[in-house]
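Asker: Here you go, final33.tsv (TSV, C-alpha atoms):
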```tsv
chain	number	residue	atom	x	y	z
A	1	MET	CA	-36.75	37.65	18.36
A	2	LYS	CA	-39.80	36.28	20.09
A	3	LYS	CA	-40.03	32.74	21.27
A	4	ARG	CA	-42.39	30.23	19.72
A	5	MET	CA	-44.24	28.29	22.38
A	6	TYR	CA	-45.87	25.66	20.24
A	7	ALA	CA	-44.14	22.41	19.35
A	8	THR	CA	-43.07	21.52	15.83
A	9	LEU	CA	-43.72	17.91	15.03
A	10	PHE	CA	-43.50	15.96	11.87
A	11	ALA	CA	-46.75	14.97	10.13
A	12	ALA	CA	-47.31	11.35	9.25
A	13	ALA	CA	-47.12	10.58	5.54
A	14	LEU	CA	-49.83	8.64	3.78
A	15	VAL	CA	-48.59	5.49	2.05
A	16	LEU	CA	-50.52	4.40	-0.99
A	17	SER	CA	-50.38	0.71	-1.82
A	18	GLY	CA	-49.98	-0.31	-5.43
A	19	CYS	CA	-52.10	-2.80	-7.36
A	20	GLY	CA	-51.01	-6.20	-8.59
A	21	ALA	CA	-48.99	-6.87	-11.70
A	22	GLU	CA	-50.73	-6.39	-15.02
A	23	GLU	CA	-50.92	-9.08	-17.66
A	24	ARG	CA	-49.70	-7.82	-21.02
A	25	GLN	CA	-49.07	-9.37	-24.41
A	26	ALA	CA	-45.81	-8.60	-26.15
A	27	ALA	CA	-45.63	-5.94	-28.84
A	28	VAL	CA	-45.70	-7.30	-32.38
A	29	SER	CA	-43.52	-5.81	-35.17
A	30	SER	CA	-44.37	-6.00	-38.86
A	31	THR	CA	-43.14	-4.50	-42.17
A	32	SER	CA	-45.25	-3.06	-44.98
A	33	SER	CA	-44.63	-0.94	-48.06
A	34	GLY	CA	-45.17	2.16	-45.93
A	35	GLY	CA	-42.33	1.26	-43.53
A	36	ASP	CA	-41.93	-0.41	-40.15
A	37	TYR	CA	-44.57	-0.12	-37.48
A	38	ALA	CA	-45.17	-1.69	-34.05
A	39	VAL	CA	-48.48	-2.65	-32.53
A	40	ALA	CA	-48.78	-2.97	-28.74
A	41	VAL	CA	-51.68	-5.12	-27.58
A	42	VAL	CA	-52.85	-4.97	-23.95
A	43	SER	CA	-55.05	-7.79	-22.79
A	44	ALA	CA	-58.46	-7.10	-21.22
A	45	PRO	CA	-57.34	-8.18	-17.72
A	46	ALA	CA	-54.44	-5.67	-17.88
A	47	ALA	CA	-56.75	-2.83	-18.93
A	48	GLU	CA	-59.15	-3.67	-16.12
A	49	ALA	CA	-56.28	-3.72	-13.61
A	50	THR	CA	-55.14	-0.28	-14.83
A	51	ALA	CA	-58.65	1.14	-14.38
A	52	GLU	CA	-58.90	-0.40	-10.91
A	53	SER	CA	-55.51	1.07	-9.98
A	54	ALA	CA	-56.57	4.57	-11.10
A	55	GLU	CA	-59.84	4.25	-9.20
A	56	THR	CA	-58.04	3.09	-6.07
A	57	MET	CA	-55.61	6.02	-6.18
A	58	SER	CA	-58.44	8.48	-6.81
A	59	THR	CA	-60.36	7.10	-3.85
A	60	ALA	CA	-57.26	7.28	-1.64
A	61	LYS	CA	-56.68	10.92	-2.60
A	62	THR	CA	-60.29	11.79	-1.82
A	63	GLU	CA	-60.10	10.07	1.55
A	64	GLU	CA	-56.82	11.86	2.31
A	65	ALA	CA	-58.34	15.26	1.48
A	66	ASN	CA	-61.44	14.60	3.59
A	67	ARG	CA	-59.85	12.99	6.63
A	68	LEU	CA	-59.53	14.79	9.94
A	69	LEU	CA	-56.15	16.41	10.47
A	70	THR	CA	-54.23	16.08	13.70
A	71	GLU	CA	-53.29	19.10	15.77
A	72	GLU	CA	-49.63	18.29	15.19
A	73	GLU	CA	-50.06	18.34	11.40
A	74	ILE	CA	-51.77	21.73	11.49
A	75	LEU	CA	-49.18	23.29	13.79
A	76	VAL	CA	-46.38	21.98	11.58
A	77	ALA	CA	-48.11	23.61	8.59
A	78	TYR	CA	-48.43	26.84	10.56
A	79	ASP	CA	-44.73	26.80	11.41
A	80	ARG	CA	-43.83	26.29	7.74
A	81	ALA	CA	-46.18	29.11	6.76
A	82	ILE	CA	-44.49	31.48	9.21
A	83	THR	CA	-41.07	30.69	7.75
A	84	ALA	CA	-42.27	31.19	4.17
A	85	TYR	CA	-44.06	34.43	4.98
A	86	GLU	CA	-40.91	35.74	6.67
A	87	TRP	CA	-39.12	35.45	3.32
A	88	PHE	CA	-41.11	38.48	2.18
A	89	ASP	CA	-40.57	40.65	5.23
A	90	LEU	CA	-38.43	39.57	8.15
A	91	ASN	CA	-35.85	37.19	6.66
A	92	PRO	CA	-35.57	37.11	2.84
A	93	LEU	CA	-34.15	33.97	1.27
A	94	PRO	CA	-30.34	33.72	1.34
A	95	CYS	CA	-28.60	35.19	-1.67
A	96	GLY	CA	-25.17	35.99	-3.05
A	97	GLY	CA	-23.13	36.84	-6.10
A	98	PRO	CA	-22.99	40.06	-8.11
A	99	VAL	CA	-25.51	42.80	-7.40
A	100	VAL	CA	-27.89	43.46	-10.28
A	101	LYS	CA	-29.90	46.67	-10.64
A	102	GLU	CA	-33.51	46.22	-11.71
A	103	GLY	CA	-36.43	48.63	-11.34
A	104	GLY	CA	-34.24	51.01	-9.36
A	105	ALA	CA	-33.42	48.36	-6.73
A	106	SER	CA	-30.50	46.05	-6.05
A	107	TYR	CA	-30.95	42.29	-6.40
A	108	GLN	CA	-28.84	39.20	-5.80
A	109	ARG	CA	-29.26	35.62	-6.95
A	110	VAL	CA	-31.23	33.43	-4.52
A	111	GLN	CA	-29.10	30.63	-3.12
A	112	TYR	CA	-31.63	28.17	-1.75
A	113	ALA	CA	-31.98	24.58	-2.92
A	114	GLY	CA	-35.04	23.99	-5.10
A	115	PHE	CA	-35.78	27.66	-5.76
A	116	ASP	CA	-34.21	28.35	-9.15
A	117	THR	CA	-37.02	30.44	-10.65
A	118	LEU	CA	-39.98	32.51	-9.50
A	119	ASP	CA	-42.29	29.65	-10.51
A	120	ASP	CA	-40.43	27.33	-8.11
A	121	LEU	CA	-41.06	29.74	-5.25
A	122	LYS	CA	-44.73	30.23	-6.14
A	123	THR	CA	-45.25	26.47	-6.44
A	124	TYR	CA	-43.95	25.98	-2.91
A	125	LEU	CA	-46.09	28.81	-1.58
A	126	GLY	CA	-49.09	27.08	-3.19
A	127	SER	CA	-48.62	24.18	-0.77
A	128	LEU	CA	-49.15	26.56	2.15
A	129	PHE	CA	-51.37	29.44	1.09
A	130	SER	CA	-54.46	30.16	-1.00
A	131	GLN	CA	-54.02	32.01	-4.28
A	132	GLU	CA	-55.34	35.20	-2.67
A	133	VAL	CA	-52.59	35.14	-0.05
A	134	ILE	CA	-49.94	34.42	-2.68
A	135	ASP	CA	-51.21	37.30	-4.83
A	136	SER	CA	-50.84	39.63	-1.85
A	137	LEU	CA	-47.15	38.68	-1.63
A	138	PHE	CA	-46.65	39.59	-5.29
A	139	PRO	CA	-48.55	42.89	-5.73
A	140	GLU	CA	-49.00	44.07	-9.30
A	141	ASN	CA	-47.46	47.25	-10.69
A	142	THR	CA	-44.59	47.13	-8.21
A	143	ALA	CA	-41.33	48.44	-9.65
A	144	ALA	CA	-39.17	46.62	-7.13
A	145	PRO	CA	-40.86	43.42	-5.87
A	146	ARG	CA	-39.11	41.34	-3.25
A	147	TYR	CA	-38.52	38.49	-5.75
A	148	ARG	CA	-38.21	38.47	-9.52
A	149	ASP	CA	-36.68	36.46	-12.33
A	150	ILE	CA	-33.64	38.02	-14.00
A	151	ASP	CA	-32.29	36.22	-17.05
A	152	GLY	CA	-34.33	33.17	-16.11
A	153	GLU	CA	-33.05	32.92	-12.53
A	154	LEU	CA	-34.61	33.84	-9.20
A	155	TYR	CA	-33.31	37.02	-7.58
A	156	VAL	CA	-34.22	38.67	-4.29
A	157	ARG	CA	-34.05	42.24	-3.05
A	158	PRO	CA	-32.03	41.74	0.19
A	159	GLY	CA	-32.77	43.32	3.52
A	160	GLY	CA	-35.32	42.39	6.14
A	161	ARG	CA	-36.43	43.93	9.42
A	162	GLU	CA	-36.18	43.23	13.11
A	163	ALA	CA	-39.03	41.59	14.97
A	164	ASP	CA	-41.25	43.93	16.97
A	165	PRO	CA	-39.37	44.39	20.29
A	166	LYS	CA	-42.64	45.05	22.15
A	167	LYS	CA	-43.93	41.56	21.44
A	168	SER	CA	-42.81	38.53	23.40
A	169	SER	CA	-43.93	34.92	23.59
A	170	ALA	CA	-46.66	33.58	21.30
A	171	SER	CA	-48.90	30.56	21.76
A	172	ALA	CA	-51.02	28.81	19.11
A	173	ALA	CA	-54.11	26.63	19.53
A	174	VAL	CA	-56.04	24.70	16.89
A	175	GLU	CA	-59.82	25.00	16.73
A	176	GLN	CA	-61.98	22.88	14.43
A	177	GLN	CA	-64.86	24.68	12.72
A	178	ALA	CA	-68.40	23.42	12.08
A	179	ASP	CA	-67.76	23.17	8.33
A	180	GLY	CA	-64.79	20.82	8.83
A	181	SER	CA	-62.13	23.48	8.37
A	182	TYR	CA	-59.75	24.64	11.09
A	183	ARG	CA	-58.57	27.86	12.65
A	184	ILE	CA	-55.33	28.59	14.42
A	185	ASN	CA	-55.79	31.05	17.26
A	186	VAL	CA	-52.57	32.84	18.15
A	187	THR	CA	-52.02	34.93	21.28
A	188	VAL	CA	-48.98	37.20	21.57
A	189	ASP	CA	-47.77	38.80	24.80
A	190	LEU	CA	-47.26	42.57	24.65
A	191	LEU	CA	-44.43	44.15	26.64
A	192	ASP	CA	-44.07	47.52	28.34
A	193	GLU	CA	-41.67	50.24	27.18
A	194	ASP	CA	-38.79	48.62	29.04
A	195	GLN	CA	-39.62	45.22	27.50
A	196	LEU	CA	-39.66	43.69	30.96
A	197	ALA	CA	-43.29	43.17	31.92
A	198	VAL	CA	-46.28	41.78	30.02
A	199	ILE	CA	-48.97	44.44	29.90
A	200	GLY	CA	-51.45	42.80	27.55
A	201	VAL	CA	-52.03	40.40	24.69
A	202	GLU	CA	-52.75	40.59	20.97
A	203	CYS	CA	-54.89	37.91	19.28
A	204	TYR	CA	-54.94	36.58	15.71
A	205	ALA	CA	-56.96	33.91	13.90
A	206	PHE	CA	-55.78	32.15	10.74
A	207	PRO	CA	-58.25	29.99	8.74
A	208	TYR	CA	-56.89	26.66	7.48
A	209	GLN	CA	-59.16	25.27	4.77
A	210	ASN	CA	-59.29	22.56	2.12
A	211	ILE	CA	-59.27	24.35	-1.23
A	212	ASN	CA	-59.40	22.10	-4.31
A	213	GLY	CA	-57.91	19.18	-2.39
A	214	ARG	CA	-55.16	21.22	-0.68
A	215	TRP	CA	-55.06	22.33	2.94
A	216	VAL	CA	-53.92	25.95	2.90
A	217	PHE	CA	-54.11	29.14	4.92
A	218	THR	CA	-56.65	31.49	3.36
A	219	ASP	CA	-55.56	34.48	5.46
A	220	PHE	CA	-52.14	35.10	6.96
A	221	GLU	CA	-49.72	37.64	8.39
A	222	LEU	CA	-46.76	37.76	10.75
A	223	VAL	CA	-47.69	38.36	14.37
A	224	TYR	CA	-44.40	40.05	15.33
```
Turn this file's structure into structure tokens for me.
Answerer:
Amino acid sequence: MKKRMYATLFAAALVLSGCGAEERQAAVSSTSSGGDYAVAVVSAPAAEATAESAETMSTAKTEEANRLLTEEEILVAYDRAITAYEWFDLNPLPCGGPVVKEGGASYQRVQYAGFDTLDDLKTYLGSLFSQEVIDSLFPENTAAPRYRDIDGELYVRPGGREADPKKSSASAAVEQQADGSYRINVTVDLLDEDQLAVIGVECYAFPYQNINGRWVFTDFELVY
């Protein structure tokens, strides 16, 4: 397994401050021939405070989406993207239990916290990749996809692969683009037949863009 040369750091979380308390009038109950009913009356100051709170949160979200990202944040996202992409090739999600045959392949129940269904997995992938990248991980008309729901639960077809033995250390550098997006440039050392000496390098570039308010990779692959 190749070494990763870039550092993994934790990104700082944005803290949104709440608005002040709202003034409300108590709900009033009454009885009529049609039955009981309750009327809730919200005073004008409370309604204005609610509108101001929504506007403040909307502004904060816009500022968060448009702010400059740090190199550490982008490299952390890249590291998470590598791990998630490996689930479809190098290291499938852990699984266990009885083997179930589906589409001519053997599957086992995924045993990973938070991933109970295929939708759970796709939702997580949506925090890392564009829809085009996600679609490439779930090709249509495939009899035996890597992941599928069976009886409402997420199953995986086990079995990964070894990393390319002719590739060694990798380094990643962040480059900001003129349009405000980013690109991660990755360089991988290539080894000789004996896997002792570096005889060249292989280069990759992965765009990191803000799509509909989410920073995601719009092109991706494993480099080893």
Asker: Would you kindly return, as a PyMOL selection string, each protein, DNA or RNA residue with an atom no farther than 8 Å from any atom of Leu125 of chain A, considering only C-alpha atoms and excluding same-chain residues fewer than 4 positions away?
Answerer: chain A and resi 84+121+129+134
Asker: Please determine, counting only C-alpha atoms, which residue among A:Phe88, A:Tyr124, A:Tyr204, A:Tyr182 has the shortest atom-to-atom distance to Ser136 of chain A.
Answerer: A:Phe88
Asker: Rounded to one decimal place, report the atom CA of Ser169 of chain A-atom CA of Val133 of chain A distance in Å.
Answerer: 25.2 Å
Asker: Hey, what's within 8 Å of Asn185 of chain A if we count all atoms listed in the file and toss same-chain stuff fewer than 2 positions away? As a PDB file with C-alpha atoms, in the frame of the given file, please?
Answerer:
```pdb
ATOM      1  CA  ALA A 172     -51.020  28.810  19.110  1.00  0.00           C
ATOM      2  CA  ALA A 173     -54.110  26.630  19.530  1.00  0.00           C
ATOM      3  CA  VAL A 174     -56.040  24.700  16.890  1.00  0.00           C
ATOM      4  CA  GLU A 175     -59.820  25.000  16.730  1.00  0.00           C
ATOM      5  CA  ARG A 183     -58.570  27.860  12.650  1.00  0.00           C
ATOM      6  CA  THR A 187     -52.020  34.930  21.280  1.00  0.00           C
ATOM      7  CA  CYS A 203     -54.890  37.910  19.280  1.00  0.00           C
ATOM      8  CA  TYR A 204     -54.940  36.580  15.710  1.00  0.00           C
ATOM      9  CA  ALA A 205     -56.960  33.910  13.900  1.00  0.00           C
ATOM     10  CA  PHE A 206     -55.780  32.150  10.740  1.00  0.00           C
TER      11      PHE A 206
END
```
Asker: Within 12 Å of (-19.8, 34.2, -3.3) in the file's own coordinates, which protein, DNA or RNA residues have an atom, counting all atoms listed in the file? List them as a VMD selection string.
Answerer: chain A and resid 94 to 99 108 to 111
Asker: Produce a file of the selected residues containing C-alpha atoms, as a compact mmCIF listing (two decimals), keeping the file's coordinate frame.
Answerer:
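Now in out17.txt:
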```
# COMPACT_ATOMS: atom_id res chain seq x y z
CA PRO A 94 -30.34 33.72 1.34
CA CYS A 95 -28.60 35.19 -1.67
CA GLY A 96 -25.17 35.99 -3.05
CA GLY A 97 -23.13 36.84 -6.10
CA PRO A 98 -22.99 40.06 -8.11
CA VAL A 99 -25.51 42.80 -7.40
CA GLN A 108 -28.84 39.20 -5.80
CA ARG A 109 -29.26 35.62 -6.95
CA VAL A 110 -31.23 33.43 -4.52
CA GLN A 111 -29.10 30.63 -3.12
```
Asker: Expressed in Å to a single decimal, how great is the separation between atom CA of Glu73 of chain A and atom CA of Val201 of chain A?
Answerer: 25.8 Å
Asker: Considering only C-alpha atoms, can you say which of A:Asp116, A:Lys167, A:Glu102, A:Gly180 comes closest to Pro145 of chain A?
Answerer: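 Comparing A:Asp116, A:Lys167, A:Glu102, A:Gly180 against Pro145 of chain A, the winner is A:Glu102.
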Asker: Figure out the distance between atom CA of Glu140 of chain A and atom CA of Gly160 of chain A, please, to one decimal in Å.
Answerer: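 Those two atoms sit 20.7 Å apart.
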Asker: Rank nothing, just name the residue among A:Leu68, A:Ala77, A:Ile211, A:Ala143 nearest to Ala105 of chain A, using only C-alpha atoms.
Answerer: A:Ala143
Asker: Restricting the calculation to all atoms listed in the file, which member of A:Val198, A:Leu69, A:Val76, A:Val156 is positioned closest to Ser106 of chain A?
Answerer: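 Using all atoms listed in the file, Ser106 of chain A sits closest to A:Val156.
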Asker: Which is closer to Asp149 of chain A than all the others in A:Ser171, A:Thr218, A:Thr117, A:Gln177, using all atoms listed in the file?
Answerer: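 Closest to Asp149 of chain A, using all atoms listed in the file: A:Thr117.
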Asker: I'd like to know which of A:Val186, A:Tyr155, A:Asp219, A:Ala163 is closest to Leu137 of chain A, using all atoms listed in the file.
Answerer: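 Closest candidate: A:Asp219.
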Asker: Please provide the set of residues having any atom within 12 Å of Asn91 of chain A, restricted to all atoms listed in the file, with same-chain residues fewer than 5 positions apart removed, written as a PyMOL selection string.
Answerer: chain A and resi 1+82-86+146+156-163+222
